[in-house]
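*Asks:* This one is final-v3.txt, compact mmCIF, C-alpha atoms.
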```
# COMPACT_ATOMS: atom_id res chain seq x y z
CA MET A 12 -22.91 18.43 -8.92
CA THR A 13 -21.94 19.26 -12.51
CA THR A 14 -18.62 18.37 -14.08
CA ALA A 15 -17.49 21.98 -13.85
CA ASP A 16 -18.45 22.16 -10.19
CA ALA A 17 -16.63 18.91 -9.43
CA SER A 18 -13.47 20.07 -11.16
CA SER A 19 -13.26 23.21 -9.00
CA ALA A 20 -14.56 21.68 -5.74
CA PRO A 21 -12.38 21.89 -2.61
CA PHE A 22 -10.65 18.78 -1.34
CA ASP A 23 -13.14 16.51 0.39
CA ILE A 24 -12.45 13.15 2.06
CA GLY A 25 -15.91 11.91 1.14
CA ARG A 26 -15.08 12.41 -2.52
CA VAL A 27 -11.74 10.60 -2.04
CA ILE A 28 -13.56 7.58 -0.61
CA GLN A 29 -16.21 7.73 -3.34
CA GLN A 30 -13.66 8.01 -6.13
CA THR A 31 -11.51 5.23 -4.65
CA ILE A 32 -14.48 2.88 -4.74
CA ALA A 33 -15.35 4.02 -8.28
CA VAL A 34 -11.80 3.52 -9.60
CA LEU A 35 -11.60 0.07 -8.00
CA GLY A 36 -14.97 -0.84 -9.47
CA ARG A 37 -13.96 0.19 -12.99
CA ASN A 38 -10.65 -1.66 -12.80
CA ILE A 39 -11.42 -4.57 -10.49
CA ALA A 40 -10.35 -7.26 -12.97
CA SER A 41 -7.03 -5.74 -14.07
CA PHE A 42 -6.09 -4.50 -10.58
CA GLY A 43 -7.04 -7.84 -9.06
CA ILE A 44 -4.95 -9.82 -11.56
CA LEU A 45 -1.94 -7.52 -11.10
CA GLY A 46 -2.30 -7.72 -7.34
CA LEU A 47 -2.54 -11.50 -7.29
CA ILE A 48 0.49 -11.93 -9.58
CA LEU A 49 2.72 -9.31 -7.95
CA VAL A 50 1.68 -9.62 -4.29
CA GLY A 51 -0.58 -12.62 -3.77
CA LEU A 52 1.61 -15.23 -5.44
CA PRO A 53 4.91 -14.12 -3.81
CA THR A 54 3.16 -13.94 -0.42
CA ALA A 55 1.84 -17.47 -0.86
CA LEU A 56 5.29 -18.77 -1.88
CA VAL A 57 6.93 -17.18 1.16
CA GLY A 58 4.18 -18.66 3.31
CA ILE A 59 4.78 -22.14 1.89
CA VAL A 60 8.47 -21.95 2.85
CA GLN A 61 7.64 -20.77 6.36
CA PHE A 62 4.86 -23.32 6.85
CA SER A 63 7.17 -26.10 5.67
CA TRP A 64 9.66 -25.12 8.36
CA LEU A 65 6.93 -24.93 10.99
CA HIS A 66 5.77 -28.43 10.13
CA GLN A 67 9.32 -29.74 10.46
CA ALA A 68 9.96 -27.77 13.64
CA MET A 69 6.67 -28.61 15.35
CA PRO A 70 8.08 -31.42 17.55
CA GLY A 71 10.82 -29.11 18.82
CA LEU A 72 8.42 -26.20 19.31
CA MET A 73 6.25 -28.34 21.55
CA HIS A 74 9.28 -28.77 23.82
CA GLY A 75 10.35 -25.13 23.63
CA ALA A 76 13.17 -25.68 21.11
CA PHE A 77 13.40 -23.33 18.10
CA ASP A 78 15.68 -24.75 15.41
CA ILE A 79 15.71 -22.79 12.15
CA SER A 80 17.69 -24.32 9.30
CA PRO A 81 19.87 -22.09 7.06
CA ASP A 82 17.77 -23.13 4.05
CA VAL A 83 14.67 -21.67 5.65
CA ILE A 84 16.46 -18.40 6.45
CA VAL A 85 17.81 -18.10 2.89
CA GLY A 86 14.48 -19.06 1.32
CA SER A 87 12.46 -16.69 3.47
CA SER A 88 14.92 -13.84 2.93
CA PHE A 89 14.95 -14.30 -0.84
CA GLY A 90 11.18 -14.61 -0.94
CA GLY A 91 10.81 -11.49 1.20
CA LEU A 92 13.10 -9.54 -1.15
CA VAL A 93 11.12 -10.67 -4.19
CA LEU A 94 7.87 -9.70 -2.46
CA LEU A 95 9.28 -6.28 -1.58
CA ILE A 96 10.26 -5.63 -5.20
CA THR A 97 6.99 -6.85 -6.69
CA THR A 98 4.97 -4.83 -4.17
CA PHE A 99 6.60 -1.60 -5.35
CA ILE A 100 6.19 -2.64 -8.98
CA LEU A 101 2.47 -3.04 -8.26
CA GLN A 102 2.33 0.34 -6.54
CA GLY A 103 3.93 2.08 -9.52
CA ALA A 104 1.65 0.27 -11.96
CA LEU A 105 -1.49 1.19 -10.03
CA ILE A 106 -0.40 4.81 -9.66
CA HIS A 107 -0.08 4.99 -13.46
CA ALA A 108 -3.50 3.41 -14.00
CA CYS A 109 -5.31 5.41 -11.31
CA VAL A 110 -3.97 8.80 -12.36
CA LEU A 111 -5.09 8.25 -15.95
CA ASP A 112 -8.46 6.78 -14.95
CA PRO A 113 -10.35 10.10 -14.41
CA ASP A 114 -9.45 11.16 -17.98
CA GLY A 115 -11.26 8.14 -19.36
CA GLN A 116 -8.18 6.98 -21.22
CA PRO A 117 -8.03 3.26 -22.07
CA GLN A 118 -5.86 1.58 -19.48
CA SER A 119 -2.82 -0.25 -20.84
CA THR A 120 -1.65 -2.94 -18.43
CA THR A 121 1.64 -3.12 -20.32
CA GLU A 122 2.30 0.61 -19.89
CA SER A 123 1.30 0.44 -16.23
CA LEU A 124 3.67 -2.46 -15.61
CA ALA A 125 6.46 -0.65 -17.43
CA THR A 126 5.88 2.36 -15.16
CA GLY A 127 6.05 0.11 -12.12
CA LEU A 128 9.28 -1.50 -13.29
CA ARG A 129 10.91 1.88 -13.91
CA ASN A 130 9.94 3.24 -10.51
CA PHE A 131 10.12 0.38 -8.01
CA LEU A 132 13.54 1.36 -6.68
CA PRO A 133 12.77 5.10 -6.23
CA LEU A 134 9.46 4.11 -4.63
CA PHE A 135 11.32 1.90 -2.19
CA VAL A 136 13.66 4.76 -1.24
CA VAL A 137 10.78 7.23 -0.83
CA THR A 138 8.82 4.75 1.29
CA LEU A 139 11.86 4.00 3.44
CA LEU A 140 12.61 7.69 4.05
CA PHE A 141 8.93 8.35 4.75
CA ALA A 142 8.77 5.50 7.28
CA LEU A 143 11.98 6.61 9.01
CA ALA A 144 10.82 10.23 9.22
CA VAL A 145 7.35 9.32 10.51
CA GLY A 146 8.79 6.79 12.97
CA PHE A 147 11.29 9.31 14.32
CA GLY A 148 8.52 11.90 14.58
CA LEU A 149 6.28 9.50 16.49
CA VAL A 150 9.06 8.98 19.02
CA LEU A 151 9.09 12.75 19.54
CA LEU A 152 5.77 12.89 21.38
CA VAL A 153 3.73 11.46 18.44
CA VAL A 154 2.51 14.78 17.01
CA PRO A 155 5.51 15.47 14.72
CA GLY A 156 5.14 12.00 13.21
CA VAL A 157 1.47 12.56 12.47
CA MET A 158 2.26 15.96 10.91
CA ILE A 159 4.95 14.42 8.69
CA ALA A 160 2.61 11.61 7.63
CA CYS A 161 -0.10 14.10 6.63
CA ALA A 162 2.33 16.34 4.76
CA TRP A 163 4.16 13.61 2.83
CA CYS A 164 1.33 11.12 2.25
CA VAL A 165 1.20 11.61 -1.55
CA ALA A 166 4.96 11.60 -2.14
CA ALA A 167 4.79 8.26 -3.98
CA PRO A 168 2.19 9.32 -6.60
CA ALA A 169 4.02 12.64 -7.07
CA LEU A 170 7.28 10.76 -7.66
CA VAL A 171 5.80 8.45 -10.30
CA ALA A 172 3.39 10.80 -12.07
CA GLU A 173 5.49 13.97 -12.12
CA ARG A 174 8.98 12.47 -12.06
CA THR A 175 9.95 14.85 -9.29
CA GLY A 176 12.90 12.83 -8.06
CA ILE A 177 13.11 11.36 -4.59
CA PHE A 178 13.51 14.56 -2.56
CA GLY A 179 11.32 16.57 -4.91
CA ALA A 180 8.49 14.12 -4.20
CA PHE A 181 8.42 15.15 -0.55
CA SER A 182 8.35 18.88 -1.30
CA ARG A 183 5.66 18.37 -3.94
CA SER A 184 3.55 16.36 -1.50
CA ALA A 185 3.96 19.06 1.16
CA GLU A 186 2.82 21.65 -1.38
CA LEU A 187 -0.26 19.66 -2.43
CA THR A 188 -1.37 18.78 1.10
CA ARG A 189 -0.92 22.29 2.53
CA GLY A 190 -4.25 23.61 3.82
CA ASN A 191 -5.91 20.18 3.80
CA ARG A 192 -3.94 18.28 6.43
CA TRP A 193 -6.70 18.13 9.04
CA GLN A 194 -8.94 16.40 6.51
CA ILE A 195 -6.08 14.10 5.55
CA PHE A 196 -5.55 13.30 9.24
CA ALA A 197 -9.24 12.40 9.54
CA LEU A 198 -8.92 10.15 6.49
CA ILE A 199 -5.86 8.45 8.00
CA LEU A 200 -7.88 7.74 11.16
CA ILE A 201 -10.70 6.24 9.09
CA VAL A 202 -8.25 4.03 7.21
CA ALA A 203 -6.57 2.96 10.47
CA VAL A 204 -9.92 1.89 11.93
CA LEU A 205 -10.81 0.00 8.75
CA ASN A 206 -7.42 -1.74 8.75
CA TRP A 207 -7.93 -2.74 12.38
CA ALA A 208 -11.36 -4.17 11.55
CA VAL A 209 -10.02 -6.09 8.53
CA ASP A 210 -7.14 -7.48 10.62
CA LYS A 211 -9.62 -8.76 13.18
CA ILE A 212 -11.68 -10.41 10.45
CA PHE A 213 -8.61 -12.18 9.09
CA GLU A 214 -7.48 -13.19 12.57
CA THR A 215 -10.88 -14.76 13.12
CA ALA A 216 -10.77 -16.52 9.73
CA LEU A 217 -7.35 -17.93 10.56
CA GLY A 218 -8.37 -18.94 14.08
CA LEU A 219 -5.62 -16.84 15.67
CA GLY A 220 -7.75 -14.72 17.95
CA ALA A 221 -7.70 -17.25 20.81
CA PHE A 222 -3.98 -18.04 20.47
CA PRO A 223 -1.71 -15.09 21.31
CA PHE A 224 1.74 -16.36 20.34
CA MET A 225 3.54 -15.26 23.47
CA GLY A 226 0.95 -16.83 25.74
CA ASP A 227 0.51 -20.12 23.90
CA PRO A 228 3.15 -20.63 21.17
CA VAL A 229 2.20 -24.23 20.49
CA GLY A 230 -1.47 -23.34 20.13
CA ALA A 231 -0.60 -20.47 17.80
CA VAL A 232 1.58 -22.70 15.63
CA ARG A 233 -1.13 -25.36 15.44
CA ALA A 234 -3.62 -22.67 14.44
CA ILE A 235 -1.58 -21.44 11.47
CA LEU A 236 -0.44 -24.87 10.23
CA ASN A 237 -3.30 -24.98 7.77
CA PRO A 238 -3.23 -24.72 3.95
CA PHE A 239 -6.15 -22.30 4.18
CA THR A 240 -3.91 -19.89 6.09
CA ALA A 241 -1.56 -19.25 3.15
CA LEU A 242 -4.52 -18.48 0.89
CA VAL A 243 -6.16 -16.10 3.37
CA ILE A 244 -2.90 -14.25 4.04
CA ALA A 245 -2.15 -13.94 0.31
CA VAL A 246 -5.64 -12.61 -0.43
CA GLY A 247 -5.45 -10.19 2.50
CA LYS A 248 -2.07 -8.84 1.38
CA THR A 249 -3.35 -8.46 -2.18
CA ILE A 250 -6.45 -6.53 -1.13
CA GLY A 251 -4.43 -4.29 1.17
CA ALA A 252 -1.84 -3.48 -1.50
CA VAL A 253 -4.40 -2.76 -4.23
CA VAL A 254 -6.75 -0.68 -2.09
CA GLY A 255 -3.90 1.21 -0.42
CA ALA A 256 -2.17 2.19 -3.68
CA THR A 257 -5.50 3.18 -5.25
CA ALA A 258 -6.60 5.31 -2.29
CA ILE A 259 -3.30 7.19 -2.05
CA THR A 260 -3.32 7.90 -5.78
CA VAL A 261 -6.93 9.05 -5.76
CA MET A 262 -6.03 11.39 -2.89
CA TYR A 263 -3.17 12.78 -4.99
CA VAL A 264 -5.51 13.36 -7.95
CA GLU A 265 -8.11 15.03 -5.74
CA LEU A 266 -5.51 17.29 -4.12
CA ARG A 267 -4.32 18.37 -7.55
CA ARG A 268 -7.92 18.86 -8.67
CA ALA A 269 -8.60 21.12 -5.69
CA ARG A 270 -5.42 23.12 -6.24
CA GLU A 271 -5.00 23.10 -10.03
CA GLY A 272 -8.48 22.46 -11.44
CA ASP A 273 -9.82 19.89 -13.89
CA PRO A 274 -7.32 17.04 -14.42
CA THR A 275 -7.63 17.41 -18.20
CA ALA A 276 -5.67 20.66 -17.80
CA TRP A 277 -2.60 18.91 -16.40
CA LEU A 278 -2.85 15.24 -17.36
CA SER A 279 -0.91 15.86 -20.57
CA ASP A 280 2.15 16.71 -18.47
CA ILE A 281 2.03 13.46 -16.48
CA PHE A 282 4.39 10.53 -17.09
CA ARG A 283 6.47 12.62 -19.50
```
Mind turning this structure into structure tokens?
*Replies:*
Amino acid sequence: MTTADASSAPFDIGRVIQQTIAVLGRNIASFGILGLILVGLPTALVGIVQFSWLHQAMPGLMHGAFDISPDVIVGSSFGGLVLLITTFILQGALIHACVLDPDGQPQSTTESLATGLRNFLPLFVVTLLFALAVGFGLVLLVVPGVMIACAWCVAAPALVAERTGIFGAFSRSAELTRGNRWQIFALILIVAVLNWAVDKIFETALGLGAFPFMGDPVGAVRAILNPFTALVIAVGKTIGAVVGATAITVMYVELRRAREGDPTAWLSDIFR
């Protein structure tokens, strides 16, 4: 396929997967470092606090007593808030880098981080509204939730790249996804299956598969009281955050390519 053909090609989930892998391959070092700093490290720190409490509480847990100290609650809550903020900073930074990647522009980590810092709060609001809408739709016989998810799936990249505003991001996403939502639904199913497979791999690595918490709480606690656990969880969260943000942004770029042509025709208007 020539460059001209690719620029005018219809939206295709195979191309989304191919381009996601290509973007990750070209930026593996910078994306990996950003992911580890903004997601991996905070996840590990939160895990250390929680594991410390579990070690202290182990004697009580063995006798069915759950005693959580206020320090653990405060520490976990603060750590969770920091992780939430840094996760959205990473998402904004990766959206910036991924959107500019097809143009071959040199990637500035500083500019990407600045974009993430400017947009982490709007991204949080968009994600919260998206989750509430999809959750409410799933309660209504599932189908409305799936339809909302397919229509609004690229709201975050639209918000950051086009500065649409929070509510404008949803309408822009609906516009871009119109006519391609069955393919997007298929892609969501593929991602869901892959996530399930990865979760099972990590459960096996952590030794949690044989210890369902409700059936054997003591066994489950013993299984996760391991320094290796914090590392595996942190790496898993980092990979999920980096791959997820990259895939959604690549989908946004490919939807715009299908609807508006070669990205070089509209990249100059992005991040302005």
*Asks:* Taking all listed atoms of range 188-192 of chain A, build the axis-aligned box, pad each of the six sides by 8 Å, then write its centre and edge lengths in Å to one decimal as AutoDock Vina command-line options.
*Replies:*
```
--center_x -3.4 --center_y 20.9 --center_z 3.8 --size_x 21.0 --size_y 21.3 --size_z 21.3
```
*Asks:* Need to verify the contact set: range 186-195 of chain A, 12 Å, all atoms listed in the file, exclusion of same-chain residues closer than 2 positions in sequence. Can you return it as a ChimeraX atom specification?
*Replies:* /A:21-28,157-166,168-169,179-184,197-202,258-259,262-271
*Asks:* Find the distance between CA of Gly58 in chain A and CA of Ala241 in chain A and write it in Å to one decimal.
*Replies:* 5.8 Å
*Asks:* Env of Pro155 in chain A: 8 Å cut, atoms = all atoms listed in the file, seq-sep filter 5 positions within chain, self excluded. Answer as a ChimeraX atom specification.
*Replies:* /A:145,148-149
*Asks:* I need the residue nearest Thr260 in chain A from this list: A:Ala208, A:Ala108, A:Val57, A:Leu139. Use only C-alpha atoms for the distance.
*Replies:*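 Checking each candidate against Thr260 in chain A, we get A:Ala108 as the closest.
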*Asks:* What is the distance, in Å and to one decimal place, between CA of Leu47 in chain A and CA of Ile177 in chain A?
*Replies:*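 Spanning CA of Leu47 in chain A to CA of Ile177 in chain A is a straight-line distance of 27.8 Å.
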*Asks:* Write out as a list of chain:residue names each polymer residue whose atoms come within 10 Å of Val137 in chain A, counting all atoms listed in the file; drop sequence neighbours fewer than 3 positions from it.
*Replies:* A:Phe131, A:Leu132, A:Pro133, A:Leu134, A:Leu140, A:Phe141, A:Ala142, A:Leu143, A:Trp163, A:Ala166, A:Ala167, A:Leu170, A:Gly176, A:Ile177, A:Phe178, A:Ala180, A:Phe181
*Asks:* Would you save the residues from that selection as a PDB file, in the coordinates of the input, using C-alpha atoms?
*Replies:*
```
ATOM      1  CA  PHE A 131      10.120   0.380  -8.010  1.00  0.00           C
ATOM      2  CA  LEU A 132      13.540   1.360  -6.680  1.00  0.00           C
ATOM      3  CA  PRO A 133      12.770   5.100  -6.230  1.00  0.00           C
ATOM      4  CA  LEU A 134       9.460   4.110  -4.630  1.00  0.00           C
ATOM      5  CA  LEU A 140      12.610   7.690   4.050  1.00  0.00           C
ATOM      6  CA  PHE A 141       8.930   8.350   4.750  1.00  0.00           C
ATOM      7  CA  ALA A 142       8.770   5.500   7.280  1.00  0.00           C
ATOM      8  CA  LEU A 143      11.980   6.610   9.010  1.00  0.00           C
ATOM      9  CA  TRP A 163       4.160  13.610   2.830  1.00  0.00           C
ATOM     10  CA  ALA A 166       4.960  11.600  -2.140  1.00  0.00           C
ATOM     11  CA  ALA A 167       4.790   8.260  -3.980  1.00  0.00           C
ATOM     12  CA  LEU A 170       7.280  10.760  -7.660  1.00  0.00           C
ATOM     13  CA  GLY A 176      12.900  12.830  -8.060  1.00  0.00           C
ATOM     14  CA  ILE A 177      13.110  11.360  -4.590  1.00  0.00           C
ATOM     15  CA  PHE A 178      13.510  14.560  -2.560  1.00  0.00           C
ATOM     16  CA  ALA A 180       8.490  14.120  -4.200  1.00  0.00           C
ATOM     17  CA  PHE A 181       8.420  15.150  -0.550  1.00  0.00           C
TER      18      PHE A 181
END
```
*Asks:* For a quick check of understanding, using all atoms listed in the file, which of A:Asn130, A:Thr54, A:Gln102, A:Ser119 has the smallest distance to Ser87 in chain A?
*Replies:*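 That would be A:Thr54, the residue with the smallest distance to Ser87 in chain A.
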*Asks:* My list of candidates is A:Thr121, A:Thr31, A:Thr98, A:Thr240. Which is closest to Ile48 in chain A when distances are computed with all atoms listed in the file?
*Replies:*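 Looking at the shortest contact to Ile48 in chain A, the residue is A:Thr98.
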*Asks:* I'd like the interatomic distance between CA of Ile281 in chain A and CA of Ala40 in chain A, to a tenth of an Å.
*Replies:*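 Between these atoms lies a distance of 24.4 Å.
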*Asks:* Ranking A:Val204, A:Leu56, A:Val253, A:Leu35 by minimum distance to Ala104 in chain A and counting all atoms listed in the file, which one comes first?
*Replies:*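 So, comparing all the options, the nearest one is A:Val253.
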*Asks:* Just checking: using only C-alpha atoms, which residue out of A:Cys109, A:Glu122, A:Leu52, A:Ile59 ends up closest to Phe239 in chain A?
*Replies:*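 When distances to Phe239 in chain A are compared using only C-alpha atoms, the smallest one comes from A:Ile59.
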*Asks:* Between A:Val153, A:Leu45, A:Leu242, A:Ala55, single out the one closest to Leu101 in chain A, counting all atoms listed in the file.
*Replies:*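 Among A:Val153, A:Leu45, A:Leu242, A:Ala55, it is A:Leu45 that comes nearest to Leu101 in chain A.
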*Asks:* Need the shell around Val171 in chain A: protein/DNA/RNA residues with any atom at most 8 Å away, counting only C-alpha atoms. Skip same-chain ones fewer than 5 positions apart. Format as a list of chain:residue names?
*Replies:*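 The filter keeps A:Gly103, A:Ile106, A:His107, A:Thr126, A:Asn130, A:Phe282.
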